[in-house]
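Engineer: So here's upload15.txt (compact mmCIF, C-alpha atoms).
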# COMPACT_ATOMS: atom_id res chain seq x y z
CA MET A 261 -17.65 6.64 21.76
CA ALA A 262 -17.71 5.87 25.47
CA LYS A 263 -19.95 7.85 27.79
CA GLY A 264 -18.26 10.84 29.37
CA LYS A 265 -15.31 10.96 26.97
CA SER A 266 -14.80 13.84 24.58
CA GLY A 267 -11.81 12.72 22.54
CA ALA A 268 -10.72 14.78 19.60
CA GLN A 269 -10.53 12.93 16.29
CA ARG A 270 -7.21 13.14 14.45
CA SER A 271 -7.38 14.72 11.04
CA ALA A 272 -5.69 12.77 8.26
CA LEU A 273 -5.43 16.05 6.37
CA ALA A 274 -2.78 17.37 8.73
CA GLU A 275 -0.72 14.22 8.42
CA VAL A 276 1.23 14.09 5.19
CA VAL A 277 3.36 11.09 6.02
CA THR A 278 5.50 8.41 4.36
CA ARG A 279 5.99 4.90 5.76
CA GLU A 280 7.60 1.68 4.57
CA TYR A 281 5.74 -1.60 5.03
CA THR A 282 6.36 -5.24 4.21
CA ILE A 283 3.25 -6.87 2.71
CA HIS A 284 2.95 -10.65 2.89
CA LEU A 285 1.28 -11.27 -0.47
CA HIS A 286 1.34 -15.06 -0.19
CA LYS A 287 -1.32 -14.86 2.53
CA GLN A 288 -3.53 -12.84 0.20
CA VAL A 289 -3.25 -14.97 -2.94
CA PHE A 290 -3.09 -18.41 -1.33
CA GLY A 291 -5.88 -20.58 -2.72
CA ALA A 292 -6.66 -18.27 -5.63
CA ALA A 293 -6.95 -19.67 -9.12
CA PHE A 294 -3.75 -19.30 -11.13
CA LYS A 295 -5.25 -16.80 -13.54
CA LYS A 296 -6.40 -14.57 -10.68
CA ARG A 297 -3.29 -14.48 -8.49
CA THR A 298 -1.54 -11.31 -9.69
CA PRO A 299 -4.79 -9.32 -10.09
CA ARG A 300 -5.68 -10.33 -6.53
CA ALA A 301 -2.23 -9.24 -5.33
CA VAL A 302 -2.72 -5.81 -6.92
CA LYS A 303 -6.10 -5.48 -5.21
CA ALA A 304 -4.59 -6.62 -1.90
CA ILE A 305 -1.90 -3.92 -2.07
CA ARG A 306 -4.54 -1.31 -2.89
CA GLN A 307 -6.70 -2.48 0.04
CA PHE A 308 -3.67 -2.49 2.39
CA ALA A 309 -2.88 1.11 1.43
CA GLN A 310 -6.49 2.20 1.96
CA VAL A 311 -6.62 0.68 5.44
CA HIS A 312 -3.23 1.90 6.65
CA MET A 313 -3.31 5.38 5.16
CA GLY A 314 -7.01 6.15 5.44
CA THR A 315 -7.52 7.29 1.84
CA THR A 316 -9.63 5.70 -0.88
CA ASP A 317 -7.56 7.27 -3.68
CA VAL A 318 -4.57 4.93 -4.07
CA ARG A 319 -2.11 5.36 -6.94
CA MET A 320 0.35 2.58 -7.72
CA ASP A 321 3.77 3.22 -9.22
CA PRO A 322 4.27 1.63 -12.68
CA GLN A 323 7.52 -0.01 -11.51
CA LEU A 324 5.63 -1.74 -8.69
CA ASN A 325 3.06 -3.00 -11.18
CA GLN A 326 5.82 -4.29 -13.47
CA LEU A 327 7.50 -6.05 -10.54
CA LEU A 328 4.26 -7.83 -9.65
CA TRP A 329 3.65 -8.91 -13.25
CA ALA A 330 7.32 -9.74 -14.05
CA ARG A 331 6.97 -13.43 -13.23
CA GLY A 332 3.61 -13.77 -14.93
CA ILE A 333 0.06 -14.11 -13.68
CA LYS A 334 0.72 -17.26 -11.61
CA ALA A 335 3.97 -16.56 -9.75
CA VAL A 336 3.44 -13.63 -7.39
CA PRO A 337 6.32 -12.69 -5.03
CA HIS A 338 5.69 -13.99 -1.51
CA ARG A 339 6.56 -10.68 0.14
CA ILE A 340 7.07 -7.15 -1.09
CA ARG A 341 8.43 -4.01 0.56
CA VAL A 342 6.44 -0.89 -0.31
CA ARG A 343 6.61 2.80 0.53
CA LEU A 344 3.21 4.38 1.19
CA ALA A 345 3.19 8.17 0.91
CA ARG A 346 0.06 10.08 1.91
CA GLN A 347 0.10 13.33 -0.08
CA ARG A 348 -2.12 16.34 -0.63
CA ASN A 349 -4.20 16.38 -3.79
CA ASP A 350 -3.52 19.60 -5.71
CA ASP A 351 -6.44 19.14 -8.12
CA GLU A 352 -9.32 21.53 -7.37
CA ASN A 353 -11.97 19.09 -8.66
CA ALA A 354 -10.73 16.19 -6.53
CA LYS A 355 -13.23 14.34 -4.38
CA GLU A 356 -10.66 13.81 -1.65
CA LYS A 357 -8.04 16.11 -0.20
CA LEU A 358 -5.43 13.35 0.12
CA TYR A 359 -4.20 10.42 -1.94
CA THR A 360 -1.74 7.59 -1.32
CA GLN A 361 1.21 6.89 -3.62
CA VAL A 362 2.49 3.29 -3.45
CA SER A 363 6.02 2.53 -4.68
CA HIS A 364 8.41 -0.40 -4.44
CA VAL A 365 11.43 -0.44 -2.11
CA PRO A 366 14.08 -2.99 -3.15
CA VAL A 367 15.55 -4.96 -0.24
CA ALA A 368 18.06 -7.81 -0.10
CA SER A 369 16.21 -9.70 2.65
CA PHE A 370 12.95 -9.32 4.52
CA LYS A 371 14.43 -10.66 7.76
CA GLY A 372 14.02 -8.31 10.72
CA LEU A 373 12.31 -5.52 8.78
CA GLN A 374 9.64 -3.51 10.54
CA THR A 375 7.40 -0.61 9.60
CA GLN A 376 9.43 2.57 9.37
CA GLN A 377 8.52 6.22 9.20
CA VAL A 378 10.41 7.87 6.32
CA ASP A 379 11.53 11.47 6.64
CA GLU A 380 11.59 13.29 3.33
Here is the file; what I need is its structure written in the form of structure tokens.

Structural biologist:
Amino acid sequence: MAKGKSGAQRSALAEVVTREYTIHLHKQVFGAAFKKRTPRAVKAIRQFAQVHMGTTDVRMDPQLNQLLWARGIKAVPHRIRVRLARQRNDDENAKEKLYTQVSHVPVASFKGLQTQQVDE
């Protein structure tokens, strides 16, 4: 932190939020061996959610997993639209107070889409 500044840190705990993102998976799996492409795409989505939502506990929707694996291990979709929902963890024994739920959002075209805040 800079000298003389006393900025307050934002708490992720207070922010239960849902956003929609477009993830360019082709950038993540380009150059990977064929038998490692879809596993690398799953890890890339998990890493993306950790960075953008600030939680290490990331839970992927089974439909999203099926969509990634639908075309096999070699043919990963180039782009995917996902909804990231940061939610409170109700389990008393949980290591973290928040977790991120990742689910698929079907779209006709990716043209002109931007990150959107979703009101629930």

Engineer: Mind pulling up the distance from atom CA of A:His312 to atom CA of A:Val365?

Structural biologist: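 Computing it gives 17.2 Å between the two atoms.
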
Engineer: Let me make sure I understand: among A:Ile340, A:Val276, A:Val302, A:Ala335, which one has the smallest atom-to-atom distance to A:Arg319 if we use all atoms listed in the file?

Structural biologist: A:Val302

Engineer: Distance atom CA of A:Phe294-atom CA of A:Phe370, one decimal place?

Structural biologist: 25.0 Å

Engineer: Enclose all atoms of stretch 330-342 of chain A listed in the file in an axis-aligned box, grow every side by 3 Å, and hand back centre and edge lengths in Å to one decimal, as AutoDock Vina command-line options.

Structural biologist:
--center_x 4.2 --center_y -9.1 --center_z -7.2 --size_x 14.4 --size_y 22.4 --size_z 21.5

Engineer: List every protein, DNA or RNA residue that has at least one atom no more than 12 Å from (11.9, -8.8, 9.5) in the file's coordinates, counting only C-alpha atoms, and write the result as a ChimeraX atom specification.

Structural biologist: /A:281-284,339-341,367-376

Engineer: Would you mind completing stretch 344-355 of chain A so that it carries all heavy atoms, and writing it out as a PDB file, in the coordinates of the input?

Structural biologist:
ATOM      1  N   LEU A 344       4.512   3.728   1.314  1.00  0.00           N
ATOM      2  CA  LEU A 344       3.210   4.380   1.190  1.00  0.00           C
ATOM      3  C   LEU A 344       3.375   5.844   1.585  1.00  0.00           C
ATOM      4  O   LEU A 344       3.785   6.143   2.712  1.00  0.00           O
ATOM      5  CB  LEU A 344       2.179   3.718   2.109  1.00  0.00           C
ATOM      6  CG  LEU A 344       1.925   2.234   1.896  1.00  0.00           C
ATOM      7  CD1 LEU A 344       0.844   1.749   2.852  1.00  0.00           C
ATOM      8  CD2 LEU A 344       1.523   1.941   0.475  1.00  0.00           C
ATOM      9  N   ALA A 345       3.053   6.737   0.665  1.00  0.00           N
ATOM     10  CA  ALA A 345       3.190   8.170   0.910  1.00  0.00           C
ATOM     11  C   ALA A 345       1.815   8.815   0.797  1.00  0.00           C
ATOM     12  O   ALA A 345       1.206   8.804  -0.272  1.00  0.00           O
ATOM     13  CB  ALA A 345       4.146   8.782  -0.099  1.00  0.00           C
ATOM     14  N   ARG A 346       1.325   9.345   1.923  1.00  0.00           N
ATOM     15  CA  ARG A 346       0.060  10.080   1.910  1.00  0.00           C
ATOM     16  C   ARG A 346       0.385  11.519   1.533  1.00  0.00           C
ATOM     17  O   ARG A 346       1.177  12.173   2.198  1.00  0.00           O
ATOM     18  CB  ARG A 346      -0.611  10.034   3.276  1.00  0.00           C
ATOM     19  CG  ARG A 346      -1.990  10.664   3.256  1.00  0.00           C
ATOM     20  CD  ARG A 346      -2.585  10.858   4.623  1.00  0.00           C
ATOM     21  NE  ARG A 346      -2.659   9.655   5.402  1.00  0.00           N
ATOM     22  CZ  ARG A 346      -2.305   9.583   6.688  1.00  0.00           C
ATOM     23  NH1 ARG A 346      -1.832  10.628   7.311  1.00  0.00           N
ATOM     24  NH2 ARG A 346      -2.419   8.462   7.353  1.00  0.00           N
ATOM     25  N   GLN A 347      -0.230  12.006   0.441  1.00  0.00           N
ATOM     26  CA  GLN A 347       0.100  13.330  -0.080  1.00  0.00           C
ATOM     27  C   GLN A 347      -1.163  14.134  -0.320  1.00  0.00           C
ATOM     28  O   GLN A 347      -2.251  13.578  -0.492  1.00  0.00           O
ATOM     29  CB  GLN A 347       0.887  13.184  -1.390  1.00  0.00           C
ATOM     30  CG  GLN A 347       2.192  12.439  -1.210  1.00  0.00           C
ATOM     31  CD  GLN A 347       2.882  12.138  -2.522  1.00  0.00           C
ATOM     32  OE1 GLN A 347       2.278  12.194  -3.583  1.00  0.00           O
ATOM     33  NE2 GLN A 347       4.157  11.805  -2.448  1.00  0.00           N
ATOM     34  N   ARG A 348      -0.982  15.452  -0.352  1.00  0.00           N
ATOM     35  CA  ARG A 348      -2.120  16.340  -0.630  1.00  0.00           C
ATOM     36  C   ARG A 348      -2.448  16.314  -2.106  1.00  0.00           C
ATOM     37  O   ARG A 348      -1.571  16.275  -2.949  1.00  0.00           O
ATOM     38  CB  ARG A 348      -1.786  17.763  -0.203  1.00  0.00           C
ATOM     39  CG  ARG A 348      -1.865  17.954   1.287  1.00  0.00           C
ATOM     40  CD  ARG A 348      -1.863  19.438   1.653  1.00  0.00           C
ATOM     41  NE  ARG A 348      -2.092  19.597   3.068  1.00  0.00           N
ATOM     42  CZ  ARG A 348      -1.165  19.430   4.001  1.00  0.00           C
ATOM     43  NH1 ARG A 348       0.055  19.086   3.650  1.00  0.00           N
ATOM     44  NH2 ARG A 348      -1.453  19.593   5.268  1.00  0.00           N
ATOM     45  N   ASN A 349      -3.740  16.362  -2.409  1.00  0.00           N
ATOM     46  CA  ASN A 349      -4.200  16.380  -3.790  1.00  0.00           C
ATOM     47  C   ASN A 349      -4.309  17.837  -4.232  1.00  0.00           C
ATOM     48  O   ASN A 349      -5.062  18.614  -3.661  1.00  0.00           O
ATOM     49  CB  ASN A 349      -5.559  15.678  -3.880  1.00  0.00           C
ATOM     50  CG  ASN A 349      -5.815  15.126  -5.241  1.00  0.00           C
ATOM     51  OD1 ASN A 349      -5.153  15.479  -6.201  1.00  0.00           O
ATOM     52  ND2 ASN A 349      -6.781  14.252  -5.340  1.00  0.00           N
ATOM     53  N   ASP A 350      -3.552  18.216  -5.258  1.00  0.00           N
ATOM     54  CA  ASP A 350      -3.520  19.600  -5.710  1.00  0.00           C
ATOM     55  C   ASP A 350      -4.653  19.932  -6.685  1.00  0.00           C
ATOM     56  O   ASP A 350      -4.876  21.093  -6.990  1.00  0.00           O
ATOM     57  CB  ASP A 350      -2.177  19.914  -6.361  1.00  0.00           C
ATOM     58  CG  ASP A 350      -1.040  19.841  -5.359  1.00  0.00           C
ATOM     59  OD1 ASP A 350      -1.309  20.072  -4.166  1.00  0.00           O
ATOM     60  OD2 ASP A 350       0.092  19.553  -5.766  1.00  0.00           O
ATOM     61  N   ASP A 351      -5.358  18.930  -7.160  1.00  0.00           N
ATOM     62  CA  ASP A 351      -6.440  19.140  -8.120  1.00  0.00           C
ATOM     63  C   ASP A 351      -7.638  19.776  -7.421  1.00  0.00           C
ATOM     64  O   ASP A 351      -8.077  19.309  -6.370  1.00  0.00           O
ATOM     65  CB  ASP A 351      -6.832  17.803  -8.751  1.00  0.00           C
ATOM     66  CG  ASP A 351      -7.787  17.973  -9.905  1.00  0.00           C
ATOM     67  OD1 ASP A 351      -7.899  19.103 -10.428  1.00  0.00           O
ATOM     68  OD2 ASP A 351      -8.415  16.977 -10.296  1.00  0.00           O
ATOM     69  N   GLU A 352      -8.176  20.847  -7.992  1.00  0.00           N
ATOM     70  CA  GLU A 352      -9.320  21.530  -7.370  1.00  0.00           C
ATOM     71  C   GLU A 352     -10.597  20.694  -7.422  1.00  0.00           C
ATOM     72  O   GLU A 352     -11.446  20.774  -6.543  1.00  0.00           O
ATOM     73  CB  GLU A 352      -9.597  22.874  -8.064  1.00  0.00           C
ATOM     74  CG  GLU A 352      -8.463  23.864  -8.010  1.00  0.00           C
ATOM     75  CD  GLU A 352      -7.547  23.742  -9.211  1.00  0.00           C
ATOM     76  OE1 GLU A 352      -7.995  23.308 -10.288  1.00  0.00           O
ATOM     77  OE2 GLU A 352      -6.351  24.065  -9.061  1.00  0.00           O
ATOM     78  N   ASN A 353     -10.748  19.876  -8.477  1.00  0.00           N
ATOM     79  CA  ASN A 353     -11.970  19.090  -8.660  1.00  0.00           C
ATOM     80  C   ASN A 353     -11.924  17.746  -7.959  1.00  0.00           C
ATOM     81  O   ASN A 353     -12.817  16.929  -8.136  1.00  0.00           O
ATOM     82  CB  ASN A 353     -12.209  18.861 -10.156  1.00  0.00           C
ATOM     83  CG  ASN A 353     -12.270  20.162 -10.930  1.00  0.00           C
ATOM     84  OD1 ASN A 353     -12.381  21.231 -10.348  1.00  0.00           O
ATOM     85  ND2 ASN A 353     -12.190  20.085 -12.241  1.00  0.00           N
ATOM     86  N   ALA A 354     -10.903  17.507  -7.163  1.00  0.00           N
ATOM     87  CA  ALA A 354     -10.730  16.190  -6.530  1.00  0.00           C
ATOM     88  C   ALA A 354     -11.794  15.957  -5.466  1.00  0.00           C
ATOM     89  O   ALA A 354     -12.190  16.868  -4.740  1.00  0.00           O
ATOM     90  CB  ALA A 354      -9.349  16.101  -5.896  1.00  0.00           C
ATOM     91  N   LYS A 355     -12.244  14.703  -5.392  1.00  0.00           N
ATOM     92  CA  LYS A 355     -13.230  14.340  -4.380  1.00  0.00           C
ATOM     93  C   LYS A 355     -12.619  14.307  -2.999  1.00  0.00           C
ATOM     94  O   LYS A 355     -13.275  14.618  -2.016  1.00  0.00           O
ATOM     95  CB  LYS A 355     -13.827  12.962  -4.704  1.00  0.00           C
ATOM     96  CG  LYS A 355     -14.651  12.929  -5.954  1.00  0.00           C
ATOM     97  CD  LYS A 355     -15.205  11.544  -6.192  1.00  0.00           C
ATOM     98  CE  LYS A 355     -15.982  11.482  -7.492  1.00  0.00           C
ATOM     99  NZ  LYS A 355     -16.477  10.130  -7.770  1.00  0.00           N
TER     100      LYS A 355
END
